[in-house]
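**Student:** Below is the file model_31.cif, which contains mmCIF, all heavy atoms.
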```cif
data_target
#
loop_
_atom_site.label_atom_id
_atom_site.label_comp_id
_atom_site.auth_asym_id
_atom_site.auth_seq_id
_atom_site.Cartn_x
_atom_site.Cartn_y
_atom_site.Cartn_z
N MET K 29 -39.32 -45.16 -47.41
CA MET K 29 -39.67 -44.92 -46.01
C MET K 29 -39.35 -43.47 -45.65
O MET K 29 -38.30 -42.95 -45.98
CB MET K 29 -38.86 -45.86 -45.12
CG MET K 29 -39.17 -45.66 -43.69
SD MET K 29 -38.25 -46.74 -42.59
CE MET K 29 -37.05 -47.54 -43.63
N SER K 30 -40.26 -42.83 -45.01
CA SER K 30 -39.97 -41.47 -44.55
C SER K 30 -39.85 -41.49 -43.04
O SER K 30 -40.59 -42.19 -42.35
CB SER K 30 -41.05 -40.50 -45.00
OG SER K 30 -42.26 -40.79 -44.34
N VAL K 31 -38.92 -40.74 -42.56
CA VAL K 31 -38.70 -40.68 -41.12
C VAL K 31 -38.76 -39.23 -40.68
O VAL K 31 -38.61 -38.32 -41.49
CB VAL K 31 -37.34 -41.29 -40.75
CG1 VAL K 31 -37.31 -42.77 -41.09
CG2 VAL K 31 -36.21 -40.55 -41.43
N SER K 32 -38.97 -39.03 -39.42
CA SER K 32 -38.96 -37.66 -38.92
C SER K 32 -37.95 -37.56 -37.79
O SER K 32 -37.72 -38.51 -37.06
CB SER K 32 -40.34 -37.26 -38.41
OG SER K 32 -40.76 -38.14 -37.40
N GLY K 33 -37.32 -36.42 -37.69
CA GLY K 33 -36.30 -36.23 -36.68
C GLY K 33 -35.00 -35.80 -37.31
O GLY K 33 -34.89 -35.68 -38.52
N LEU K 34 -34.02 -35.59 -36.46
CA LEU K 34 -32.72 -35.16 -36.94
C LEU K 34 -31.81 -36.34 -37.19
O LEU K 34 -31.95 -37.39 -36.56
CB LEU K 34 -32.06 -34.25 -35.91
CG LEU K 34 -32.53 -32.80 -35.83
CD1 LEU K 34 -31.79 -32.08 -34.72
CD2 LEU K 34 -32.33 -32.08 -37.15
N CYS K 35 -30.92 -36.17 -38.12
CA CYS K 35 -29.86 -37.14 -38.33
C CYS K 35 -29.13 -37.35 -37.01
O CYS K 35 -28.75 -36.38 -36.35
CB CYS K 35 -28.88 -36.61 -39.38
SG CYS K 35 -27.37 -37.56 -39.52
N GLN K 36 -28.97 -38.60 -36.61
CA GLN K 36 -28.35 -38.87 -35.32
C GLN K 36 -26.83 -38.87 -35.41
O GLN K 36 -26.14 -39.06 -34.41
CB GLN K 36 -28.86 -40.21 -34.77
CG GLN K 36 -30.35 -40.13 -34.45
CD GLN K 36 -30.88 -41.43 -33.88
OE1 GLN K 36 -30.77 -42.47 -34.51
NE2 GLN K 36 -31.47 -41.38 -32.71
N ILE K 37 -26.32 -38.66 -36.60
CA ILE K 37 -24.87 -38.62 -36.77
C ILE K 37 -24.37 -37.18 -36.72
O ILE K 37 -23.48 -36.86 -35.94
CB ILE K 37 -24.47 -39.31 -38.08
CG1 ILE K 37 -24.85 -40.79 -38.00
CG2 ILE K 37 -22.98 -39.14 -38.35
CD1 ILE K 37 -24.64 -41.55 -39.28
N CYS K 38 -24.95 -36.31 -37.52
CA CYS K 38 -24.50 -34.92 -37.49
C CYS K 38 -25.41 -34.04 -36.62
O CYS K 38 -25.02 -32.96 -36.22
CB CYS K 38 -24.40 -34.35 -38.91
SG CYS K 38 -25.97 -34.29 -39.81
N GLU K 39 -26.61 -34.53 -36.35
CA GLU K 39 -27.57 -33.82 -35.51
C GLU K 39 -27.80 -32.38 -35.96
O GLU K 39 -28.03 -31.50 -35.15
CB GLU K 39 -27.11 -33.84 -34.05
CG GLU K 39 -27.08 -35.25 -33.50
CD GLU K 39 -26.69 -35.29 -32.02
OE1 GLU K 39 -25.98 -34.37 -31.58
OE2 GLU K 39 -27.09 -36.23 -31.34
N SER K 40 -27.69 -32.16 -37.25
CA SER K 40 -27.92 -30.80 -37.74
C SER K 40 -28.82 -30.76 -38.97
O SER K 40 -29.30 -29.71 -39.35
CB SER K 40 -26.59 -30.11 -38.04
OG SER K 40 -25.92 -30.78 -39.08
N ARG K 41 -29.04 -31.92 -39.58
CA ARG K 41 -29.92 -31.95 -40.74
C ARG K 41 -31.08 -32.90 -40.47
O ARG K 41 -30.94 -33.84 -39.69
CB ARG K 41 -29.16 -32.48 -41.95
CG ARG K 41 -27.95 -31.67 -42.31
CD ARG K 41 -27.48 -32.16 -43.64
NE ARG K 41 -26.03 -32.25 -43.68
CZ ARG K 41 -25.33 -32.21 -44.80
NH1 ARG K 41 -25.94 -32.09 -45.95
NH2 ARG K 41 -24.03 -32.29 -44.77
N PRO K 42 -32.18 -32.66 -41.14
CA PRO K 42 -33.29 -33.58 -40.99
C PRO K 42 -32.94 -34.95 -41.54
O PRO K 42 -32.30 -35.07 -42.58
CB PRO K 42 -34.42 -32.93 -41.78
CG PRO K 42 -33.77 -31.93 -42.67
CD PRO K 42 -32.50 -31.52 -42.01
N ALA K 43 -33.33 -35.98 -40.82
CA ALA K 43 -33.04 -37.34 -41.26
C ALA K 43 -33.89 -37.68 -42.47
O ALA K 43 -35.05 -37.29 -42.57
CB ALA K 43 -33.32 -38.32 -40.13
N GLN K 44 -33.30 -38.41 -43.40
CA GLN K 44 -34.00 -38.85 -44.59
C GLN K 44 -34.33 -40.33 -44.52
O GLN K 44 -35.34 -40.78 -45.06
CB GLN K 44 -33.14 -38.61 -45.85
CG GLN K 44 -32.68 -37.19 -46.02
CD GLN K 44 -33.83 -36.27 -46.36
OE1 GLN K 44 -34.73 -36.66 -47.08
NE2 GLN K 44 -33.79 -35.06 -45.84
N GLU K 45 -33.46 -41.09 -43.88
CA GLU K 45 -33.60 -42.54 -43.89
C GLU K 45 -33.23 -43.11 -42.53
O GLU K 45 -32.61 -42.45 -41.71
CB GLU K 45 -32.65 -43.16 -44.93
CG GLU K 45 -32.78 -42.58 -46.32
CD GLU K 45 -34.01 -43.10 -47.04
OE1 GLU K 45 -34.65 -44.05 -46.55
OE2 GLU K 45 -34.33 -42.54 -48.09
N ARG K 46 -33.59 -44.39 -42.36
CA ARG K 46 -33.21 -45.08 -41.13
C ARG K 46 -32.31 -46.26 -41.51
O ARG K 46 -32.63 -47.03 -42.43
CB ARG K 46 -34.46 -45.58 -40.41
CG ARG K 46 -34.20 -46.06 -39.01
CD ARG K 46 -35.51 -46.23 -38.24
NE ARG K 46 -36.36 -47.23 -38.88
CZ ARG K 46 -36.25 -48.54 -38.67
NH1 ARG K 46 -35.34 -49.00 -37.84
NH2 ARG K 46 -37.05 -49.39 -39.26
N CYS K 47 -31.22 -46.37 -40.81
CA CYS K 47 -30.27 -47.44 -41.10
C CYS K 47 -30.92 -48.81 -40.89
O CYS K 47 -31.55 -49.06 -39.86
CB CYS K 47 -29.06 -47.29 -40.18
SG CYS K 47 -27.87 -48.63 -40.34
N ASP K 48 -30.76 -49.69 -41.87
CA ASP K 48 -31.32 -51.04 -41.76
C ASP K 48 -30.64 -51.85 -40.67
O ASP K 48 -31.20 -52.79 -40.13
CB ASP K 48 -31.13 -51.78 -43.09
CG ASP K 48 -32.13 -51.30 -44.14
OD1 ASP K 48 -33.08 -50.58 -43.75
OD2 ASP K 48 -31.95 -51.63 -45.30
N ASN K 49 -29.40 -51.50 -40.39
CA ASN K 49 -28.62 -52.29 -39.46
C ASN K 49 -28.81 -51.86 -38.01
O ASN K 49 -29.10 -52.69 -37.15
CB ASN K 49 -27.14 -52.21 -39.84
CG ASN K 49 -26.28 -53.11 -38.99
OD1 ASN K 49 -26.58 -54.30 -38.86
ND2 ASN K 49 -25.24 -52.58 -38.41
N CYS K 50 -28.64 -50.58 -37.74
CA CYS K 50 -28.67 -50.14 -36.35
C CYS K 50 -29.86 -49.26 -36.02
O CYS K 50 -30.10 -48.95 -34.86
CB CYS K 50 -27.37 -49.41 -36.01
SG CYS K 50 -27.18 -47.83 -36.84
N GLY K 51 -30.60 -48.84 -37.05
CA GLY K 51 -31.79 -48.06 -36.78
C GLY K 51 -31.52 -46.57 -36.60
O GLY K 51 -32.43 -45.81 -36.30
N THR K 52 -30.28 -46.18 -36.77
CA THR K 52 -29.93 -44.76 -36.65
C THR K 52 -30.61 -43.96 -37.75
O THR K 52 -30.64 -44.37 -38.90
CB THR K 52 -28.40 -44.60 -36.77
OG1 THR K 52 -27.79 -45.16 -35.62
CG2 THR K 52 -28.00 -43.13 -36.88
N LEU K 53 -31.16 -42.82 -37.37
CA LEU K 53 -31.70 -41.91 -38.37
C LEU K 53 -30.55 -41.15 -39.00
O LEU K 53 -29.66 -40.68 -38.31
CB LEU K 53 -32.66 -40.92 -37.71
CG LEU K 53 -33.89 -41.53 -37.03
CD1 LEU K 53 -34.69 -40.43 -36.33
CD2 LEU K 53 -34.76 -42.25 -38.03
N ALA K 54 -30.58 -41.07 -40.32
CA ALA K 54 -29.47 -40.43 -41.01
C ALA K 54 -29.95 -39.51 -42.12
O ALA K 54 -30.93 -39.81 -42.81
CB ALA K 54 -28.53 -41.49 -41.57
N CYS K 55 -29.26 -38.41 -42.27
CA CYS K 55 -29.54 -37.50 -43.37
C CYS K 55 -28.92 -38.08 -44.65
O CYS K 55 -28.21 -39.08 -44.61
CB CYS K 55 -28.96 -36.11 -43.08
SG CYS K 55 -27.17 -36.04 -43.04
N GLU K 56 -29.17 -37.40 -45.76
CA GLU K 56 -28.66 -37.93 -47.03
C GLU K 56 -27.14 -38.08 -47.02
O GLU K 56 -26.60 -39.02 -47.59
CB GLU K 56 -29.07 -36.99 -48.17
CG GLU K 56 -30.26 -37.50 -48.93
CD GLU K 56 -30.59 -36.60 -50.10
OE1 GLU K 56 -30.56 -35.37 -49.93
OE2 GLU K 56 -30.87 -37.14 -51.18
N ALA K 57 -26.47 -37.14 -46.37
CA ALA K 57 -25.01 -37.18 -46.35
C ALA K 57 -24.47 -38.34 -45.53
O ALA K 57 -23.35 -38.77 -45.71
CB ALA K 57 -24.47 -35.86 -45.80
N HIS K 58 -25.29 -38.82 -44.61
CA HIS K 58 -24.82 -39.88 -43.72
C HIS K 58 -25.55 -41.19 -43.91
O HIS K 58 -25.62 -42.02 -43.01
CB HIS K 58 -24.93 -39.40 -42.26
CG HIS K 58 -23.98 -38.29 -41.96
ND1 HIS K 58 -24.40 -37.03 -41.65
CD2 HIS K 58 -22.63 -38.26 -41.99
CE1 HIS K 58 -23.33 -36.25 -41.47
NE2 HIS K 58 -22.25 -36.97 -41.68
N TYR K 59 -26.12 -41.35 -45.08
CA TYR K 59 -26.83 -42.58 -45.39
C TYR K 59 -26.36 -43.10 -46.74
O TYR K 59 -26.30 -42.36 -47.71
CB TYR K 59 -28.33 -42.32 -45.43
CG TYR K 59 -29.16 -43.56 -45.65
CD1 TYR K 59 -29.40 -44.45 -44.61
CD2 TYR K 59 -29.69 -43.85 -46.91
CE1 TYR K 59 -30.15 -45.58 -44.81
CE2 TYR K 59 -30.45 -44.98 -47.12
CZ TYR K 59 -30.68 -45.84 -46.06
OH TYR K 59 -31.43 -46.97 -46.27
N GLU K 60 -26.01 -44.37 -46.78
CA GLU K 60 -25.61 -44.98 -48.05
C GLU K 60 -26.80 -45.75 -48.60
O GLU K 60 -27.10 -46.85 -48.16
CB GLU K 60 -24.41 -45.92 -47.83
CG GLU K 60 -23.21 -45.17 -47.33
CD GLU K 60 -21.95 -45.54 -48.11
OE1 GLU K 60 -22.04 -46.35 -49.05
OE2 GLU K 60 -20.88 -45.01 -47.76
N ARG K 61 -27.46 -45.12 -49.55
CA ARG K 61 -28.67 -45.69 -50.10
C ARG K 61 -28.43 -47.06 -50.73
O ARG K 61 -29.27 -47.95 -50.65
CB ARG K 61 -29.23 -44.73 -51.16
CG ARG K 61 -30.72 -44.70 -51.27
CD ARG K 61 -31.15 -43.54 -52.14
NE ARG K 61 -31.07 -42.26 -51.43
CZ ARG K 61 -32.09 -41.75 -50.75
NH1 ARG K 61 -33.23 -42.38 -50.71
NH2 ARG K 61 -31.98 -40.60 -50.13
N ASP K 62 -27.27 -47.22 -51.35
CA ASP K 62 -26.94 -48.49 -52.00
C ASP K 62 -26.99 -49.65 -51.03
O ASP K 62 -27.41 -50.75 -51.37
CB ASP K 62 -25.53 -48.43 -52.60
CG ASP K 62 -25.49 -47.57 -53.84
OD1 ASP K 62 -26.58 -47.15 -54.30
OD2 ASP K 62 -24.39 -47.31 -54.35
N ARG K 63 -26.52 -49.40 -49.83
CA ARG K 63 -26.42 -50.49 -48.85
C ARG K 63 -27.51 -50.44 -47.81
O ARG K 63 -27.67 -51.39 -47.04
CB ARG K 63 -25.07 -50.40 -48.14
CG ARG K 63 -23.90 -50.42 -49.09
CD ARG K 63 -22.64 -50.62 -48.31
NE ARG K 63 -21.52 -49.87 -48.86
CZ ARG K 63 -20.33 -49.81 -48.29
NH1 ARG K 63 -20.11 -50.43 -47.17
NH2 ARG K 63 -19.36 -49.13 -48.84
N GLY K 64 -28.21 -49.32 -47.72
CA GLY K 64 -29.23 -49.18 -46.70
C GLY K 64 -28.63 -49.00 -45.33
O GLY K 64 -29.23 -49.39 -44.33
N LEU K 65 -27.44 -48.44 -45.29
CA LEU K 65 -26.74 -48.30 -44.01
C LEU K 65 -26.41 -46.85 -43.72
O LEU K 65 -26.19 -46.05 -44.63
CB LEU K 65 -25.43 -49.10 -44.05
CG LEU K 65 -25.53 -50.60 -44.27
CD1 LEU K 65 -24.14 -51.19 -44.42
CD2 LEU K 65 -26.29 -51.26 -43.14
N CYS K 66 -26.34 -46.54 -42.43
CA CYS K 66 -25.85 -45.22 -42.05
C CYS K 66 -24.34 -45.17 -42.27
O CYS K 66 -23.70 -46.20 -42.52
CB CYS K 66 -26.17 -44.95 -40.57
SG CYS K 66 -25.27 -45.99 -39.41
N ALA K 67 -23.78 -43.98 -42.19
CA ALA K 67 -22.35 -43.82 -42.45
C ALA K 67 -21.51 -44.67 -41.50
O ALA K 67 -20.49 -45.24 -41.88
CB ALA K 67 -21.96 -42.36 -42.33
N ASP K 68 -21.94 -44.78 -40.26
CA ASP K 68 -21.22 -45.57 -39.28
C ASP K 68 -21.14 -47.03 -39.69
O ASP K 68 -20.08 -47.65 -39.71
CB ASP K 68 -21.91 -45.49 -37.92
CG ASP K 68 -21.47 -44.28 -37.13
OD1 ASP K 68 -20.59 -43.54 -37.62
OD2 ASP K 68 -22.01 -44.08 -36.04
N CYS K 69 -22.30 -47.59 -40.02
CA CYS K 69 -22.35 -49.00 -40.39
C CYS K 69 -21.66 -49.24 -41.73
O CYS K 69 -21.01 -50.26 -41.92
CB CYS K 69 -23.80 -49.48 -40.44
SG CYS K 69 -24.58 -49.53 -38.83
N ALA K 70 -21.82 -48.30 -42.63
CA ALA K 70 -21.18 -48.44 -43.94
C ALA K 70 -19.67 -48.48 -43.79
O ALA K 70 -18.98 -49.27 -44.44
CB ALA K 70 -21.61 -47.29 -44.85
N ALA K 71 -19.15 -47.65 -42.90
CA ALA K 71 -17.71 -47.63 -42.67
C ALA K 71 -17.26 -48.95 -42.05
O ALA K 71 -16.21 -49.49 -42.37
CB ALA K 71 -17.35 -46.47 -41.75
N ARG K 72 -18.08 -49.45 -41.15
CA ARG K 72 -17.75 -50.70 -40.46
C ARG K 72 -17.83 -51.89 -41.42
O ARG K 72 -17.10 -52.85 -41.29
CB ARG K 72 -18.75 -50.89 -39.32
CG ARG K 72 -18.14 -51.38 -38.06
CD ARG K 72 -19.13 -51.29 -36.92
NE ARG K 72 -19.01 -50.04 -36.19
CZ ARG K 72 -20.03 -49.31 -35.76
NH1 ARG K 72 -21.26 -49.70 -36.00
NH2 ARG K 72 -19.83 -48.21 -35.09
N ALA K 73 -18.76 -51.80 -42.36
CA ALA K 73 -18.98 -52.91 -43.28
C ALA K 73 -18.26 -52.70 -44.61
O ALA K 73 -18.56 -53.37 -45.58
CB ALA K 73 -20.47 -53.07 -43.51
N ASP K 74 -17.35 -51.77 -44.63
CA ASP K 74 -16.65 -51.45 -45.87
C ASP K 74 -15.95 -52.69 -46.43
O ASP K 74 -15.10 -53.28 -45.78
CB ASP K 74 -15.61 -50.37 -45.57
CG ASP K 74 -15.07 -49.76 -46.85
OD1 ASP K 74 -14.95 -50.49 -47.86
OD2 ASP K 74 -14.75 -48.56 -46.84
N PRO K 75 -16.30 -53.10 -47.64
CA PRO K 75 -15.73 -54.31 -48.22
C PRO K 75 -14.23 -54.18 -48.51
O PRO K 75 -13.56 -55.18 -48.71
CB PRO K 75 -16.52 -54.49 -49.52
CG PRO K 75 -17.08 -53.15 -49.82
CD PRO K 75 -17.29 -52.47 -48.50
N THR K 76 -13.72 -52.96 -48.53
CA THR K 76 -12.29 -52.80 -48.74
C THR K 76 -11.53 -53.02 -47.44
O THR K 76 -10.31 -53.10 -47.43
CB THR K 76 -11.97 -51.39 -49.26
OG1 THR K 76 -12.33 -50.43 -48.28
CG2 THR K 76 -12.69 -51.11 -50.57
N ASP K 77 -12.25 -53.12 -46.36
CA ASP K 77 -11.64 -53.30 -45.06
C ASP K 77 -11.89 -54.73 -44.59
O ASP K 77 -12.93 -55.05 -44.04
CB ASP K 77 -12.25 -52.30 -44.07
CG ASP K 77 -11.56 -52.35 -42.71
OD1 ASP K 77 -10.60 -53.14 -42.56
OD2 ASP K 77 -11.99 -51.63 -41.81
N HIS K 78 -10.91 -55.60 -44.82
CA HIS K 78 -11.17 -57.02 -44.60
C HIS K 78 -10.61 -57.55 -43.29
O HIS K 78 -10.07 -58.63 -43.21
CB HIS K 78 -10.62 -57.84 -45.77
CG HIS K 78 -11.63 -57.97 -46.88
ND1 HIS K 78 -12.78 -58.69 -46.76
CD2 HIS K 78 -11.65 -57.45 -48.11
CE1 HIS K 78 -13.47 -58.61 -47.89
NE2 HIS K 78 -12.81 -57.84 -48.72
N ARG K 79 -10.75 -56.76 -42.27
CA ARG K 79 -10.45 -57.30 -40.95
C ARG K 79 -11.60 -58.21 -40.53
O ARG K 79 -12.65 -58.23 -41.14
CB ARG K 79 -10.31 -56.16 -39.94
CG ARG K 79 -9.05 -55.36 -40.14
CD ARG K 79 -9.08 -54.15 -39.24
NE ARG K 79 -10.26 -53.34 -39.53
CZ ARG K 79 -10.68 -52.34 -38.77
NH1 ARG K 79 -10.06 -52.06 -37.68
NH2 ARG K 79 -11.74 -51.63 -39.12
N ASP K 80 -11.41 -58.93 -39.46
CA ASP K 80 -12.51 -59.70 -38.92
C ASP K 80 -13.42 -58.76 -38.13
O ASP K 80 -13.23 -58.52 -36.96
CB ASP K 80 -12.00 -60.82 -38.00
CG ASP K 80 -11.34 -61.92 -38.80
OD1 ASP K 80 -11.75 -62.16 -39.94
OD2 ASP K 80 -10.39 -62.53 -38.26
N VAL K 81 -14.39 -58.24 -38.84
CA VAL K 81 -15.28 -57.26 -38.23
C VAL K 81 -16.27 -57.97 -37.31
O VAL K 81 -16.93 -58.91 -37.71
CB VAL K 81 -16.03 -56.49 -39.31
CG1 VAL K 81 -16.95 -55.45 -38.66
CG2 VAL K 81 -15.07 -55.83 -40.28
N ASP K 82 -16.30 -57.50 -36.08
CA ASP K 82 -17.27 -58.12 -35.17
C ASP K 82 -18.62 -57.44 -35.33
O ASP K 82 -18.95 -56.50 -34.64
CB ASP K 82 -16.77 -58.04 -33.73
CG ASP K 82 -16.38 -56.65 -33.31
OD1 ASP K 82 -16.03 -55.83 -34.19
OD2 ASP K 82 -16.43 -56.35 -32.11
N VAL K 83 -19.36 -57.93 -36.28
CA VAL K 83 -20.66 -57.35 -36.57
C VAL K 83 -21.68 -57.64 -35.48
O VAL K 83 -22.75 -57.09 -35.47
CB VAL K 83 -21.22 -57.85 -37.92
CG1 VAL K 83 -20.41 -57.26 -39.07
CG2 VAL K 83 -21.22 -59.35 -37.97
N ASN K 84 -21.32 -58.55 -34.60
CA ASN K 84 -22.27 -58.93 -33.56
C ASN K 84 -22.06 -58.18 -32.26
O ASN K 84 -22.49 -58.60 -31.21
CB ASN K 84 -22.18 -60.43 -33.30
CG ASN K 84 -22.64 -61.22 -34.49
OD1 ASN K 84 -23.62 -60.88 -35.12
ND2 ASN K 84 -21.91 -62.28 -34.79
N ARG K 85 -21.37 -57.05 -32.34
CA ARG K 85 -21.13 -56.29 -31.12
C ARG K 85 -22.43 -55.61 -30.68
O ARG K 85 -23.00 -54.82 -31.41
CB ARG K 85 -20.04 -55.25 -31.32
CG ARG K 85 -20.36 -54.25 -32.42
CD ARG K 85 -19.14 -53.36 -32.66
NE ARG K 85 -19.05 -52.25 -31.71
CZ ARG K 85 -19.82 -51.17 -31.76
NH1 ARG K 85 -20.72 -51.06 -32.66
NH2 ARG K 85 -19.65 -50.19 -30.90
N PHE K 86 -22.87 -55.95 -29.51
CA PHE K 86 -24.06 -55.27 -28.98
C PHE K 86 -23.87 -55.00 -27.50
O PHE K 86 -23.54 -55.91 -26.77
CB PHE K 86 -25.32 -56.11 -29.18
CG PHE K 86 -25.86 -55.99 -30.58
CD1 PHE K 86 -25.72 -57.05 -31.46
CD2 PHE K 86 -26.49 -54.82 -30.99
CE1 PHE K 86 -26.22 -56.93 -32.74
CE2 PHE K 86 -26.98 -54.72 -32.28
CZ PHE K 86 -26.85 -55.76 -33.16
ZN ZN F 1 -26.14 -36.23 -41.03
ZN ZN F 2 -26.23 -47.93 -38.91
#
```
Let me see whether you can do it: turn the structure in this file into structure tokens.

**Tutor:**
Amino acid sequence: MSVSGLCQICESRPAQERCDNCGTLACEAHYERDRGLCADCAARADPTDHRDVDVNRF
């Protein structure tokens, strides 16, 4: 998928991908291709962090 616009996390690089979870546009540095998540969501969904993550926060 190709997207146009700036990374919504650093707002300084062109976005490469769109987060599958929240739809945020992210540059390569802020996108985890393995998970299809932006850096924000990847951090929140980090499997090493086993708190009760409220993934349903909207
Ligand atoms: Zn970025
Ligand atoms: Zn996201």

**Student:** Find the residues near ligand ZN 1 (chain F). Use a cut-off of 4.5 Å, count all heavy atoms, and write them as an NGL selection string.

**Tutor:** :K and (35 or 38 or 55 or 58)

**Student:** For ligand ZN 2 (chain F), return the neighbouring residues as JSON, numbers by chain (distance at most 5 Å; all atoms listed in the file).

**Tutor:** {"K": [47, 49, 50, 51, 52, 65, 66, 69]}

**Student:** Distance atom CA of K:Ala73-atom CA of K:Gly33, one decimal place?

**Tutor:**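 Result for atom CA of K:Ala73 versus atom CA of K:Gly33: 24.9 Å, one decimal.
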
**Student:** Quick check, in Å to one decimal: how far apart do atom CA of K:Asp62 and atom CA of K:Arg46 lie?

**Tutor:**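 Result for atom CA of K:Asp62 versus atom CA of K:Arg46: 13.0 Å, one decimal.
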
**Student:** For the structure I just gave you, how does DSSP split stretch 30-69 of chain K - specifically, which residues are strand (DSSP E or B)? Reply as JSON, numbers by chain.

**Tutor:** {"K": [34, 42, 45, 46, 53, 54, 59, 60, 65, 66]}

**Student:** Which one of K:Asp48, K:Val31, K:Ala54, K:Ala43 sits closest to K:Ala67 if you count all atoms listed in the file?

**Tutor:**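 Among the listed residues, K:Ala54 lies closest to K:Ala67.
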
**Student:** Kindly give the distance, in Å, that separates atom CA of K:Ala71 and atom CA of K:Glu45, rounded to a single decimal.

**Tutor:** 16.7 Å
